[in-house]
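Enquirer: So here's input.csv (CSV, C-alpha atoms).
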chain,number,residue,atom,x,y,z
A,1,MET,CA,67.1,10.0,30.6
A,2,SER,CA,64.8,10.4,33.7
A,3,LYS,CA,63.7,7.3,35.5
A,4,ASN,CA,60.1,6.2,35.3
A,5,TYR,CA,58.3,5.0,38.4
A,6,TYR,CA,55.0,3.1,38.9
A,7,SER,CA,52.8,4.8,41.4
A,8,LEU,CA,49.3,3.8,42.8
A,9,GLY,CA,47.1,6.8,43.6
A,10,LEU,CA,44.2,6.4,46.0
A,11,MET,CA,41.5,9.0,46.2
A,12,SER,CA,38.3,9.3,48.1
A,13,GLY,CA,36.3,12.5,47.4
A,14,THR,CA,33.7,14.5,49.2
A,15,SER,CA,31.0,12.0,48.3
A,16,GLY,CA,32.6,9.5,50.7
A,17,ASP,CA,31.3,6.6,48.8
A,18,GLY,CA,34.4,4.7,47.8
A,19,VAL,CA,38.0,4.8,46.6
A,20,ASP,CA,39.3,5.5,43.1
A,21,ALA,CA,42.6,3.7,42.5
A,22,SER,CA,44.9,4.4,39.6
A,23,ILE,CA,48.4,3.3,38.7
A,24,ILE,CA,50.4,5.5,36.4
A,25,GLN,CA,53.9,5.2,35.0
A,26,SER,CA,55.8,8.6,35.1
A,27,ASP,CA,59.1,10.3,35.7
A,28,GLY,CA,57.3,12.9,37.9
A,29,GLU,CA,57.6,15.5,35.1
A,30,ASN,CA,56.7,14.9,31.5
A,31,ALA,CA,56.1,11.1,31.1
A,32,TYR,CA,52.6,9.8,31.7
A,33,LYS,CA,51.0,6.4,31.0
A,34,VAL,CA,47.9,4.9,32.7
A,35,ILE,CA,48.3,1.3,33.8
A,36,LEU,CA,45.1,0.9,35.8
A,37,ASP,CA,41.9,2.7,36.8
A,38,LYS,CA,39.5,0.9,39.2
A,39,TYR,CA,36.8,2.0,41.7
A,40,PHE,CA,36.2,0.3,45.1
A,41,VAL,CA,33.0,0.9,46.9
A,42,TYR,CA,33.1,1.6,50.7
A,43,ASN,CA,31.0,-0.7,52.8
A,44,LYS,CA,27.8,0.9,54.1
A,45,ASP,CA,29.2,1.2,57.6
A,46,ILE,CA,32.2,3.3,56.5
A,47,CYS,CA,30.1,5.4,54.2
A,48,LYS,CA,27.5,6.1,56.9
A,49,ASN,CA,30.1,7.0,59.5
A,50,ILE,CA,32.0,9.3,57.2
A,51,HIS,CA,28.9,11.5,56.6
A,52,LYS,CA,27.8,11.2,60.3
A,53,LEU,CA,31.2,12.4,61.5
A,54,LYS,CA,31.4,15.2,58.9
A,55,GLU,CA,28.1,16.5,60.2
A,56,LYS,CA,29.5,16.7,63.7
A,57,ILE,CA,32.8,18.4,62.9
A,58,ASN,CA,32.2,22.1,62.1
A,59,ASN,CA,35.3,23.7,63.7
A,60,PRO,CA,38.8,22.8,64.9
A,61,LEU,CA,37.5,22.2,68.5
A,62,ASP,CA,35.2,19.5,67.2
A,63,LEU,CA,38.3,17.6,65.9
A,64,ILE,CA,39.4,17.3,69.5
A,65,ASN,CA,36.0,16.6,71.0
A,66,PHE,CA,35.3,13.8,68.5
A,67,SER,CA,38.9,12.5,68.4
A,68,LYS,CA,37.9,9.0,69.5
A,69,GLU,CA,35.4,8.6,66.8
A,70,THR,CA,37.8,10.1,64.3
A,71,GLU,CA,40.6,7.7,65.2
A,72,SER,CA,38.3,4.7,65.0
A,73,LEU,CA,37.0,5.7,61.6
A,74,GLU,CA,40.5,6.5,60.4
A,75,LYS,CA,41.6,2.9,61.2
A,76,LYS,CA,38.6,1.4,59.4
A,77,ILE,CA,39.3,3.7,56.3
A,78,THR,CA,43.0,2.7,56.4
A,79,LEU,CA,42.2,-1.0,56.6
A,80,PHE,CA,39.9,-0.6,53.6
A,81,HIS,CA,42.6,1.1,51.6
A,82,ALA,CA,45.0,-1.7,52.6
A,83,GLU,CA,42.5,-4.2,51.1
A,84,VAL,CA,42.4,-2.1,47.9
A,85,VAL,CA,46.3,-2.1,47.8
A,86,ASP,CA,46.4,-5.9,48.4
A,87,TYR,CA,43.9,-6.5,45.5
A,88,VAL,CA,45.9,-4.3,43.1
A,89,ALA,CA,49.3,-5.6,44.2
A,90,LYS,CA,48.3,-9.1,43.2
A,91,LYS,CA,47.9,-8.0,39.6
A,92,PHE,CA,50.4,-5.2,39.3
A,93,ASP,CA,53.7,-4.1,40.8
A,94,PHE,CA,54.3,-0.5,41.8
A,95,ASP,CA,56.9,1.6,43.6
A,96,PHE,CA,54.8,4.0,45.7
A,97,ILE,CA,51.3,4.7,47.0
A,98,GLY,CA,49.9,8.2,46.9
A,99,PHE,CA,47.4,8.2,49.7
A,100,HIS,CA,45.0,11.2,49.8
A,101,GLY,CA,42.8,10.0,52.6
A,102,GLN,CA,39.2,11.0,53.4
A,103,THR,CA,38.7,14.7,54.1
A,104,ILE,CA,36.5,15.4,57.0
A,105,PHE,CA,37.4,19.0,57.7
A,106,HIS,CA,39.1,21.8,55.8
A,107,ASP,CA,39.4,25.4,56.9
A,108,SER,CA,41.9,27.3,54.7
A,109,GLY,CA,41.7,30.4,56.8
A,110,LYS,CA,42.9,28.6,59.9
A,111,LYS,CA,45.3,26.5,57.9
A,112,ILE,CA,43.7,23.3,59.2
A,113,SER,CA,42.9,20.3,56.9
A,114,ARG,CA,42.2,16.9,58.2
A,115,GLN,CA,42.2,13.8,56.0
A,116,LEU,CA,41.5,10.5,57.6
A,117,GLY,CA,44.2,7.9,56.7
A,118,ASN,CA,47.1,6.5,58.7
A,119,GLY,CA,50.1,6.4,56.3
A,120,LYS,CA,52.3,4.5,58.7
A,121,LEU,CA,49.7,1.7,59.1
A,122,LEU,CA,49.0,1.5,55.4
A,123,SER,CA,52.8,1.2,54.7
A,124,TYR,CA,53.1,-1.5,57.4
A,125,LEU,CA,50.2,-3.5,56.0
A,126,SER,CA,51.0,-3.1,52.3
A,127,LYS,CA,54.8,-3.4,52.6
A,128,LYS,CA,55.0,-0.4,50.3
A,129,THR,CA,56.4,3.2,50.5
A,130,VAL,CA,53.4,5.5,51.2
A,131,VAL,CA,53.2,9.2,50.4
A,132,TYR,CA,50.4,11.0,52.3
A,133,ASN,CA,49.7,14.2,54.2
A,134,PHE,CA,50.0,16.2,51.0
A,135,ARG,CA,48.6,19.5,52.3
A,136,GLU,CA,50.6,20.2,55.5
A,137,ASN,CA,53.8,21.6,54.0
A,138,ASP,CA,51.7,23.8,51.6
A,139,GLN,CA,49.9,25.3,54.6
A,140,LYS,CA,53.1,25.8,56.6
A,141,ASN,CA,54.4,27.9,53.7
A,142,GLY,CA,51.3,30.2,53.5
A,143,GLY,CA,49.2,28.1,51.1
A,144,GLU,CA,45.5,27.2,51.2
A,145,GLY,CA,46.3,23.5,51.1
A,146,ALA,CA,44.3,23.0,47.9
A,147,PRO,CA,43.8,22.5,45.0
A,148,LEU,CA,46.8,20.3,44.5
A,149,THR,CA,45.8,18.9,41.1
A,150,PRO,CA,46.8,21.8,38.8
A,151,ILE,CA,50.4,20.5,38.2
A,152,PHE,CA,48.8,17.3,36.9
A,153,HIS,CA,46.2,19.1,34.9
A,154,ALA,CA,49.1,21.1,33.3
A,155,LEU,CA,50.8,17.8,32.3
A,156,LEU,CA,47.6,16.6,30.7
A,157,VAL,CA,47.1,19.8,28.7
A,158,GLU,CA,50.7,19.5,27.4
A,159,LYS,CA,49.8,15.9,26.3
A,160,PHE,CA,46.6,17.0,24.7
A,161,LYS,CA,48.3,19.9,22.8
A,162,THR,CA,45.2,22.0,22.9
A,163,LYS,CA,45.3,25.7,21.9
A,164,LEU,CA,46.1,28.0,24.8
A,165,PRO,CA,44.7,29.4,27.0
A,166,THR,CA,43.0,26.2,28.2
A,167,ILE,CA,41.0,25.7,31.3
A,168,VAL,CA,40.6,22.4,33.1
A,169,LEU,CA,37.3,22.5,35.1
A,170,ASN,CA,37.1,19.7,37.7
A,171,ILE,CA,33.6,19.2,39.0
A,172,GLY,CA,33.8,17.1,42.1
A,173,GLY,CA,32.1,17.9,45.4
A,174,ILE,CA,33.9,21.2,45.0
A,175,ALA,CA,34.7,22.8,41.6
A,176,ASN,CA,38.2,23.9,40.8
A,177,VAL,CA,39.9,25.2,37.7
A,178,THR,CA,43.4,25.1,36.3
A,179,VAL,CA,44.2,27.8,33.7
A,180,ILE,CA,47.1,27.2,31.4
A,181,ASN,CA,48.0,30.6,29.8
A,182,ASP,CA,49.6,31.0,26.4
A,183,LEU,CA,53.1,32.5,25.9
A,184,ALA,CA,51.9,35.9,25.1
A,185,TYR,CA,49.9,36.3,28.3
A,186,ARG,CA,50.4,39.9,29.5
A,187,ARG,CA,53.3,40.2,27.0
A,188,ARG,CA,55.6,38.1,29.1
A,189,GLU,CA,57.7,35.2,27.8
A,190,ARG,CA,56.7,32.4,30.1
A,191,LYS,CA,58.3,29.4,28.4
A,192,ASN,CA,57.9,27.0,31.3
A,193,ILE,CA,54.3,25.9,31.6
A,194,LEU,CA,54.6,26.0,35.4
A,195,ASP,CA,55.0,29.8,35.2
A,196,ARG,CA,51.9,30.0,33.1
A,197,MET,CA,49.7,27.8,35.4
A,198,ASN,CA,47.1,29.1,37.8
A,199,GLY,CA,44.5,27.2,39.8
A,200,LEU,CA,41.8,27.7,42.5
A,201,ASP,CA,38.5,26.4,43.8
A,202,ILE,CA,35.7,28.5,42.3
A,203,GLY,CA,32.6,27.2,44.1
A,204,PRO,CA,30.3,24.3,44.7
A,205,GLY,CA,30.6,21.3,42.5
A,206,ASN,CA,28.2,18.4,42.9
A,207,CYS,CA,27.8,19.0,46.7
A,208,LEU,CA,24.6,21.1,46.7
A,209,ILE,CA,22.8,19.1,44.1
A,210,ASP,CA,23.8,15.8,45.8
A,211,GLN,CA,22.7,17.1,49.2
A,212,TRP,CA,19.3,18.2,47.8
A,213,MET,CA,18.7,14.8,46.2
A,214,LYS,CA,19.7,12.9,49.3
A,215,LYS,CA,17.5,15.1,51.5
A,216,ASN,CA,14.4,15.0,49.3
A,217,SER,CA,14.5,11.7,47.4
A,218,LYS,CA,16.0,8.2,47.7
A,219,LYS,CA,18.7,9.0,45.2
A,220,ASN,CA,22.3,10.0,46.1
A,221,TYR,CA,22.6,12.3,43.1
A,222,ASP,CA,20.7,13.6,40.0
A,223,ILE,CA,21.5,11.0,37.4
A,224,ASP,CA,22.3,12.7,34.1
A,225,GLY,CA,20.6,15.8,35.5
A,226,SER,CA,17.2,14.3,34.6
A,227,THR,CA,15.5,15.6,37.8
A,228,ALA,CA,16.7,19.1,37.2
A,229,ARG,CA,15.8,18.9,33.5
A,230,SER,CA,12.2,18.1,34.4
A,231,GLY,CA,11.9,21.0,36.9
A,232,LYS,CA,11.5,24.8,36.5
A,233,ILE,CA,14.2,27.3,37.5
A,234,ASN,CA,13.0,29.7,40.1
A,235,LYS,CA,14.6,32.9,38.7
A,236,ILE,CA,13.8,35.1,41.7
A,237,ILE,CA,15.4,32.7,44.2
A,238,LEU,CA,18.3,32.2,41.7
A,239,GLU,CA,19.1,35.9,41.3
A,240,LYS,CA,19.0,36.5,45.0
A,241,ALA,CA,21.3,33.6,45.7
A,242,LEU,CA,23.8,34.7,43.0
A,243,ASP,CA,23.8,38.2,44.5
A,244,ASN,CA,24.5,36.8,47.9
A,245,TRP,CA,27.3,34.7,46.4
A,246,GLN,CA,28.8,37.8,44.8
A,247,ASN,CA,28.6,39.7,48.1
A,248,LYS,CA,30.3,36.8,49.9
A,249,LEU,CA,33.2,37.0,47.4
A,250,GLU,CA,33.5,40.8,47.8
A,251,ASP,CA,33.6,40.4,51.6
A,252,SER,CA,36.4,37.9,51.5
A,253,HIS,CA,40.1,38.1,50.9
A,254,TRP,CA,39.4,37.0,47.3
A,255,THR,CA,37.9,40.2,46.0
A,256,ASN,CA,38.0,42.7,43.2
A,257,LYS,CA,40.9,41.4,41.1
A,258,ILE,CA,41.0,37.6,41.3
A,259,LYS,CA,43.7,36.3,43.5
A,260,TRP,CA,44.9,33.0,42.1
A,261,TYR,CA,44.3,30.9,45.1
A,262,ARG,CA,41.2,29.9,47.1
A,263,SER,CA,40.1,26.6,48.6
A,264,TYR,CA,36.7,25.6,49.9
A,265,ASP,CA,35.1,23.0,52.1
A,266,ILE,CA,31.6,21.7,51.3
A,267,LYS,CA,30.4,23.4,54.5
A,268,ASP,CA,31.2,26.8,52.9
A,269,PHE,CA,27.9,26.3,50.9
A,270,ASP,CA,24.4,25.8,52.0
A,271,LEU,CA,21.2,25.0,50.1
A,272,SER,CA,18.7,26.7,52.4
A,273,PHE,CA,17.8,29.2,49.7
A,274,VAL,CA,15.9,26.5,47.8
A,275,HIS,CA,14.0,25.4,50.9
A,276,GLY,CA,10.3,24.9,50.1
A,277,LEU,CA,10.7,24.2,46.4
A,278,SER,CA,9.7,20.9,44.9
A,279,LEU,CA,12.3,18.2,44.3
A,280,LYS,CA,12.4,19.0,40.6
A,281,ASP,CA,12.4,22.8,40.8
A,282,GLY,CA,15.0,22.7,43.6
A,283,ALA,CA,17.3,20.6,41.5
A,284,ALA,CA,16.8,22.8,38.5
A,285,THR,CA,17.5,26.0,40.5
A,286,LEU,CA,20.6,24.5,42.2
A,287,THR,CA,22.0,23.3,38.9
A,288,GLU,CA,21.5,26.7,37.3
A,289,TYR,CA,23.1,28.3,40.3
A,290,THR,CA,26.1,26.1,40.1
A,291,SER,CA,26.4,26.7,36.3
A,292,GLU,CA,26.2,30.5,36.8
A,293,ILE,CA,29.0,30.5,39.3
A,294,TYR,CA,31.3,28.6,36.8
A,295,THR,CA,30.4,30.6,33.7
A,296,ASN,CA,30.5,34.0,35.5
A,297,PHE,CA,34.0,33.1,36.6
A,298,ILE,CA,35.1,32.1,33.1
A,299,ASN,CA,33.5,35.0,31.4
A,300,ASN,CA,34.9,37.5,33.9
A,301,LEU,CA,38.5,36.4,33.4
A,302,VAL,CA,39.0,39.0,30.7
A,303,LEU,CA,37.4,41.9,32.6
A,304,ASP,CA,38.6,41.1,36.1
A,305,TYR,CA,42.2,40.1,35.5
A,306,ASP,CA,43.2,41.3,32.0
A,307,ARG,CA,43.4,37.8,30.6
A,308,PRO,CA,42.8,36.4,27.2
A,309,TYR,CA,39.5,34.4,26.9
A,310,PRO,CA,40.1,30.7,27.0
A,311,LYS,CA,40.1,28.8,23.7
A,312,LYS,CA,39.2,25.5,25.3
A,313,ILE,CA,37.5,24.2,28.4
A,314,ILE,CA,38.1,20.6,29.4
A,315,ILE,CA,35.8,19.1,32.1
A,316,CYS,CA,36.6,16.2,34.4
A,317,GLY,CA,35.1,14.8,37.6
A,318,GLY,CA,31.8,13.3,38.4
A,319,GLY,CA,29.9,16.4,37.5
A,320,ARG,CA,30.7,16.0,33.8
A,321,LYS,CA,28.1,13.3,33.8
A,322,ASN,CA,25.3,15.7,34.7
A,323,LYS,CA,24.2,16.4,31.1
A,324,PHE,CA,21.8,19.2,32.2
A,325,LEU,CA,24.6,21.0,34.0
A,326,ILE,CA,27.1,20.6,31.1
A,327,LYS,CA,24.5,21.9,28.6
A,328,SER,CA,23.8,24.9,30.8
A,329,ILE,CA,27.6,25.7,30.9
A,330,ALA,CA,28.0,25.2,27.2
A,331,LYS,CA,25.2,27.7,26.4
A,332,LYS,CA,26.9,30.5,28.3
A,333,ILE,CA,30.6,30.3,27.3
A,334,LYS,CA,32.3,31.6,24.2
A,335,CYS,CA,34.7,28.8,23.5
A,336,SER,CA,34.5,25.0,22.8
A,337,LEU,CA,33.9,22.6,25.7
A,338,ASP,CA,35.1,19.0,25.8
A,339,LEU,CA,34.8,16.2,28.3
A,340,ILE,CA,38.2,15.0,29.2
A,341,ASP,CA,37.2,11.5,28.1
A,342,LYS,CA,37.5,12.7,24.5
A,343,TYR,CA,41.3,12.7,25.0
A,344,GLY,CA,41.4,9.1,26.1
A,345,VAL,CA,41.4,9.9,29.9
A,346,ASN,CA,38.7,8.5,32.1
A,347,GLY,CA,37.2,11.6,33.8
A,348,ASP,CA,36.3,9.6,36.9
A,349,PHE,CA,40.0,8.9,37.7
A,350,VAL,CA,41.8,12.2,37.1
A,351,GLU,CA,42.3,12.9,40.8
A,352,SER,CA,43.5,9.4,41.7
A,353,GLN,CA,45.9,9.6,38.8
A,354,ALA,CA,47.0,13.1,40.0
A,355,PHE,CA,47.9,11.7,43.5
A,356,ALA,CA,49.9,8.9,41.9
A,357,TYR,CA,51.8,11.6,40.1
A,358,LEU,CA,52.1,13.8,43.2
A,359,ALA,CA,53.5,10.9,45.1
A,360,ILE,CA,56.3,10.5,42.5
A,361,ARG,CA,57.0,14.3,42.6
A,362,SER,CA,57.1,14.1,46.4
A,363,TYR,CA,59.6,11.3,46.3
A,364,LEU,CA,61.8,13.3,43.9
A,365,ASN,CA,61.4,16.4,46.1
A,366,LEU,CA,59.8,18.3,43.2
A,367,PRO,CA,57.2,21.0,44.0
A,368,ILE,CA,53.6,20.1,44.0
A,369,SER,CA,52.1,23.5,44.9
A,370,PHE,CA,52.8,26.9,43.6
A,371,PRO,CA,52.1,30.6,44.3
A,372,GLY,CA,49.6,30.7,41.5
A,373,THR,CA,47.7,27.6,42.7
A,374,THR,CA,47.5,27.6,46.5
A,375,GLY,CA,49.1,30.9,47.4
A,376,VAL,CA,52.3,29.4,48.8
A,377,ASN,CA,55.2,31.8,49.2
A,378,ARG,CA,57.3,29.8,46.8
A,379,PRO,CA,57.0,26.5,44.8
A,380,CYS,CA,56.8,23.8,47.5
A,381,PRO,CA,57.3,20.1,47.7
A,382,GLY,CA,54.9,18.2,49.8
A,383,GLY,CA,53.8,14.8,51.0
A,384,THR,CA,55.1,12.8,54.0
A,385,ILE,CA,57.1,9.8,52.8
A,386,ILE,CA,56.7,6.7,55.0
A,387,LYS,CA,58.4,3.3,54.7
A,388,ASN,CA,57.2,1.3,57.7
A,389,PHE,CA,58.2,-2.3,56.9
What does this structure look like when you write it as structure tokens?

Expert:
Amino acid sequence: MSKNYYSLGLMSGTSGDGVDASIIQSDGENAYKVILDKYFVYNKDICKNIHKLKEKINNPLDLINFSKETESLEKKITLFHAEVVDYVAKKFDFDFIGFHGQTIFHDSGKKISRQLGNGKLLSYLSKKTVVYNFRENDQKNGGEGAPLTPIFHALLVEKFKTKLPTIVLNIGGIANVTVINDLAYRRRERKNILDRMNGLDIGPGNCLIDQWMKKNSKKNYDIDGSTARSGKINKIILEKALDNWQNKLEDSHWTNKIKWYRSYDIKDFDLSFVHGLSLKDGAATLTEYTSEIYTNFINNLVLDYDRPYPKKIIICGGGRKNKFLIKSIAKKIKCSLDLIDKYGVNGDFVESQAFAYLAIRSYLNLPISFPGTTGVNRPCPGGTIIKNF
């Protein structure tokens, strides 16, 4: 019988507003039990500096030019995570920390991805074994460095026992999908679910809508999609933007037949095409644009890659709370759609649970990325393991 471990996953997403913390119990393979899910808000100084620094860093050279600011902020972020660990450790015991860190720059083409977070310092302060730097080994082996969550999504789909093919759509700052195919896919007997798993980033998640709301109102995001719901979609602007998106895909290495790997940074998208619209109309148009990208991808699976149409789509991430967006997606797809919460999993904490799971797999030297998820040459382990106490 495999040994079960308790692992604390710490995740801070593109919103840069705080840290999701989850403890799970798992053997790194099939076992899965949630012990804790809790959110910790960054102080205003950290939050402000994250967004300020991200605006400055637009290329690898900027990482060097702003290295002093980067190192200073990294220390503050690490100290904040140490406080989170201290709070959690007083209530629960755990074996590892899966420390994602705060992404400030990601360029898959140049194989550079920078997450702020000092694993050695966090291990020293917490007196715990820390697993961090999850993307480096993936990129060294030809991968995009992201998404890394598909292996955890596959575990959840196995637990949910949904009819296959099933898609897990994660709507964070960036949107990514994990597709779990059925046994009959392309007439191959793929008994191991890892051989039937594909994943990739597919476009903007909340990032464009959030940027629009921050720029044009006092809100950080469109609560429930209420602003978009009260606006009017500008169809001319929308159609032109979608044409430009399609042209962008066709000019990339990602074209024609879908290659099952792609990762984005929020700076790969821009909202200039809605400049001049009212707050409400801009929100409505951006939400519809985001929805169209998702549903076009899902509906084109059959045509573009000779795949069976999914029987179920499960949505997680903060974007699942945007009711206007979810309703728009539901109207355009040909299968049932569920929020992951329906299955007893808090959709806000899927990624923090995922990095708790990845920490265990890293400790056991099990692969966390695969040719069908990040484009690595072979299934690869990942994560730097630090015991600095």

Enquirer: Contacts of stretch 377-386 of chain A at 10 Å or less, counting only C-alpha atoms, minus same-chain residues fewer than 5 places along, as a ChimeraX atom specification?

Expert: /A:96-100,119-124,128-143,148,194,358-372

Enquirer: Closest to A:Glu55 among A:Ile104, A:Val179, A:Thr287, A:Met197, using all atoms listed in the file?

Expert: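 Selected residue with least distance to A:Glu55: A:Ile104.
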
Enquirer: Which of these, A:Cys207, A:Ile266, A:Ile77, A:Leu271, has the shortest distance to A:Asn58 once you count only C-alpha atoms?

Expert: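 Distance minimum relative to A:Asn58 lands on A:Ile266.
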
Enquirer: Write out as a list of chain:residue names each polymer residue whose atoms come within 8 Å of A:Leu73, counting only C-alpha atoms; drop sequence neighbours fewer than 4 positions from it.

Expert: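 Answer for this query is A:Ile46, A:Asn49, A:Ile50, A:Glu69, A:Ile77, A:Leu116.
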
Enquirer: As an exercise, work out the distance from atom CA of A:Leu242 to atom CA of A:Tyr289 in Å and give it to one decimal place.

Expert: 7.0 Å

Enquirer: Pick out the residues sitting within 9 Å of A:Ala31, and hand them over as a PyMOL selection string; count all atoms listed in the file, and ignore anything fewer than 6 positions along from it in its own chain.

Expert: chain A and resi 4+25+155

Enquirer: Within 10 Å of A:Asp348, counting only C-alpha atoms, which residues show up once you throw out same-chain ones fewer than 5 positions away? Write them as a list in words, please.

Expert: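 Those residues are Asp20, Asp37, Lys38, Tyr39, Gly172, Cys316, Gly317, Gly318, Gly319, Arg320, Lys321, Ile340, Asp341 and Gln353 of chain A.
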
Enquirer: I'd like the interatomic distance between atom CA of A:Ile180 and atom CA of A:Asp265, to a tenth of an Å.

Expert: 24.3 Å

Enquirer: One decimal, in Å: what's the spacing between atom CA of A:Phe94 and atom CA of A:Tyr6?

Expert: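 Taking atom CA of A:Phe94 and atom CA of A:Tyr6, their separation equals 4.7 Å.
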
Enquirer: If we count all atoms listed in the file and set the cut-off at 6 Å, which residues sit around A:Cys47, ignoring sequence neighbours fewer than 5 positions away in its own chain? Please answer as a ChimeraX atom specification.

Expert: /A:16-17,42

Enquirer: Which residue gives the smallest distance to A:Ser352 among A:Tyr87, A:Phe66, A:Phe152, A:Phe324, with only C-alpha atoms counted?

Expert: A:Phe152

Enquirer: Counting only C-alpha atoms, which of A:Glu83, A:Asp338, A:Asp201, A:Glu29 gets nearest to A:Lys312?

Expert: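 Once distances to A:Lys312 are computed over only C-alpha atoms, the minimum belongs to A:Asp338.
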
Enquirer: A:Ser272, A:Asn220, A:Ser108, A:Thr285: which is nearest A:Ile233, counting only C-alpha atoms?

Expert: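 Checking each of A:Ser272, A:Asn220, A:Ser108, A:Thr285 against A:Ile233, counting only C-alpha atoms, the winner is A:Thr285.
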
Enquirer: Check the smallest atom-to-atom distance from each of A:Ile171, A:Leu301, A:Lys110, A:Lys332 to A:Val350 using all atoms listed in the file, then report the winner.

Expert: A:Ile171

Enquirer: Please determine the residues with any atom at most 12 Å from (42.8, -5.6, 41.3) (coordinates as given in the file, with all atoms listed in the file counting) and report them as a count of residues only.

Expert: 22
